[in-house]
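Report on one structure; see the data block that follows.
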Amino acid sequence: MIATLTADCTLAQKAAILRFIEGYGLRVHVGEAGSTTVVSVIGDYEPGMAESIGALVGVASVSTEAPLYPFVAREARNAPTTVRVGDVVVGGSEVVVIAGPCSVESEAQIERIASGVAKNGAVLLRGGAFKPRTSPYSFQGLGEEGLELLAAAREATGLGVVSECVAPEDVPLLNRYVDMLQVGSRNMQNFRLLSAVGEQPKPVLLKRGLMSTIEELLLAAEYIVGSGNPRVILCERGIRSFDTATRGILDIGAVPVLKERTHLPVIIDPSHAAGRRSLVPSLAAAGIAAGADGLIIEVHDRPEEALSDGPQSLTLEGFAETMQTVSAIANALDRPMATLQAAPSR
Ligand code: PEP
Ligand code: MN
């Protein structure tokens, strides 16, 4: 049985609730994330116990059918969660666009792309420093140097930065440099990594695994939130299927499904789903039309020279055009596009 406490439950009320349950010889496990407190009741209980607990002051709801993911379930919160990344709020009314190269390649490359995407409406900068590559012979990323270059690009443009963490032992390093840690598709079920990013306070962008169901994505998010970090943003990025015409199948239906099942923000990655730049504008538009809170788009000023994912990277001109289409759709849905509040520091 799971009891969810009210957001305004006082410490004294909570203590009384726990005493009441333990008084019947039952054990409790208390989980807290943000304003949500979930009490799991463990042991054999009499029929009627759920009603008794439900009647206690400070209990919002009781479920005898334990929900699969009590922290991230839509019912856990009165309103959708907003996640602050640097100066940007994701999951509110504004549509947020994260853009940048697949990989950080050099100081000049990341600076050119960062200033180019900032001019055209991106509010956060992406760039991989640790790249999970299918082939061990492909470019693996610049490592810590890539993170330093991202931090310098943040100084130059005011854009908060997002980069992928591939191993639990790298979490403190990423935490020092970035505004949001990304857990990539290949690591969506790396449970030690999920717990590790859940034990630090920076927001986490959790990408859906290539072969993962929506329920598995939500359970992966539950690991992070249950470890103490409620700042999770979910990302649909295309799943694997029989058709190879696109790199992934962008599961647009995942957006409204996730909006029904969880209070967490949801964004779309049209680039990895498409695999080809010509398809990216349509998939980006579809994501926003379906109700996503934002996009993460790969952009490169010289995609033919990119060390990873060049074919799916928009040029800066392509990004500018895509932003116009996306803004028009956001506008039609009465959602403003997020803009940078902080002025560039130089
Ligand atoms: C990426 O964002 O560059 C990336 C590797 O994405 P994914 O984990 O979705 O493949
Ligand atoms: Mn990529």
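The way I read the labels, and the way they are meant: chains A, B, ... in the order of the structure tokens, residue 1 as the first residue of every chain, and ligand 1 as the first ligand shown, with later ones counted on from there.
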
Distance table requested - chain A against ligand 1, cut-off 8 Å, only C-alpha atoms and all ligand atoms: one row per qualifying residue with the closest atom pair and its distance in Å to one decimal, ordered by chain and rising residue number, as CSV.
```
residue,atom,partner,partner_atom_place_in_ligand_line,distance
A:Cys102,CA,ligand 1,3 (O),4.7
A:Ser103,CA,ligand 1,3 (O),7.0
A:Gly127,CA,ligand 1,3 (O),7.4
A:Gly128,CA,ligand 1,3 (O),6.2
A:Lys131,CA,ligand 1,5 (C),6.5
A:Pro132,CA,ligand 1,5 (C),6.1
A:Arg133,CA,ligand 1,5 (C),7.5
A:Glu164,CA,ligand 1,2 (O),7.3
A:Gln182,CA,ligand 1,2 (O),7.9
A:Val183,CA,ligand 1,8 (O),7.1
A:Gly184,CA,ligand 1,8 (O),3.4
A:Ser185,CA,ligand 1,8 (O),3.7
A:Arg186,CA,ligand 1,8 (O),5.8
A:Asn187,CA,ligand 1,8 (O),7.6
A:Lys207,CA,ligand 1,9 (O),5.8
A:Arg208,CA,ligand 1,9 (O),7.1
A:Gly209,CA,ligand 1,9 (O),7.4
A:Leu210,CA,ligand 1,9 (O),7.8
A:Arg237,CA,ligand 1,9 (O),5.5
A:Gly238,CA,ligand 1,9 (O),7.8
A:Asp269,CA,ligand 1,9 (O),7.5
A:His272,CA,ligand 1,9 (O),6.0
A:Glu298,CA,ligand 1,3 (O),7.9
A:Asp309,CA,ligand 1,3 (O),7.8
```

Among stretch 165-346 of chain A, which residues does DSSP mark as helix (DSSP H, G or I) when it is run on the backbone? Keep the chain and numbering as in the structure and answer as an MDAnalysis selection string.
chainID A and resid 168:177 185:187 191:198 214:226 254:261 270:274 277:289 303:305 310:312 316:332

Atomic separation - atom CA of A:Arg335 relative to atom CA of A:Gly248, Å
27.6 Å

Please identify all polymer residues within 6 Å of A:Leu125, counting only C-alpha atoms, omitting same-chain residues fewer than 5 positions from it, and present them as a list in words.
Ile98, Ala99, Gly100, Leu159 and Val161 of chain A

Would you mind reading off the distance between atom CA of A:Cys165 and atom CA of A:Ser227, one decimal, in Å?
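Computing the Euclidean distance for atom CA of A:Cys165 and atom CA of A:Ser227 yields 16.9 Å.
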
Between A:Val28, A:Ser308, A:Gln109, A:Ser212, single out the one closest to ligand 2, counting only C-alpha atoms and all ligand atoms.
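That would be A:Ser308, the residue with the smallest distance to ligand 2.
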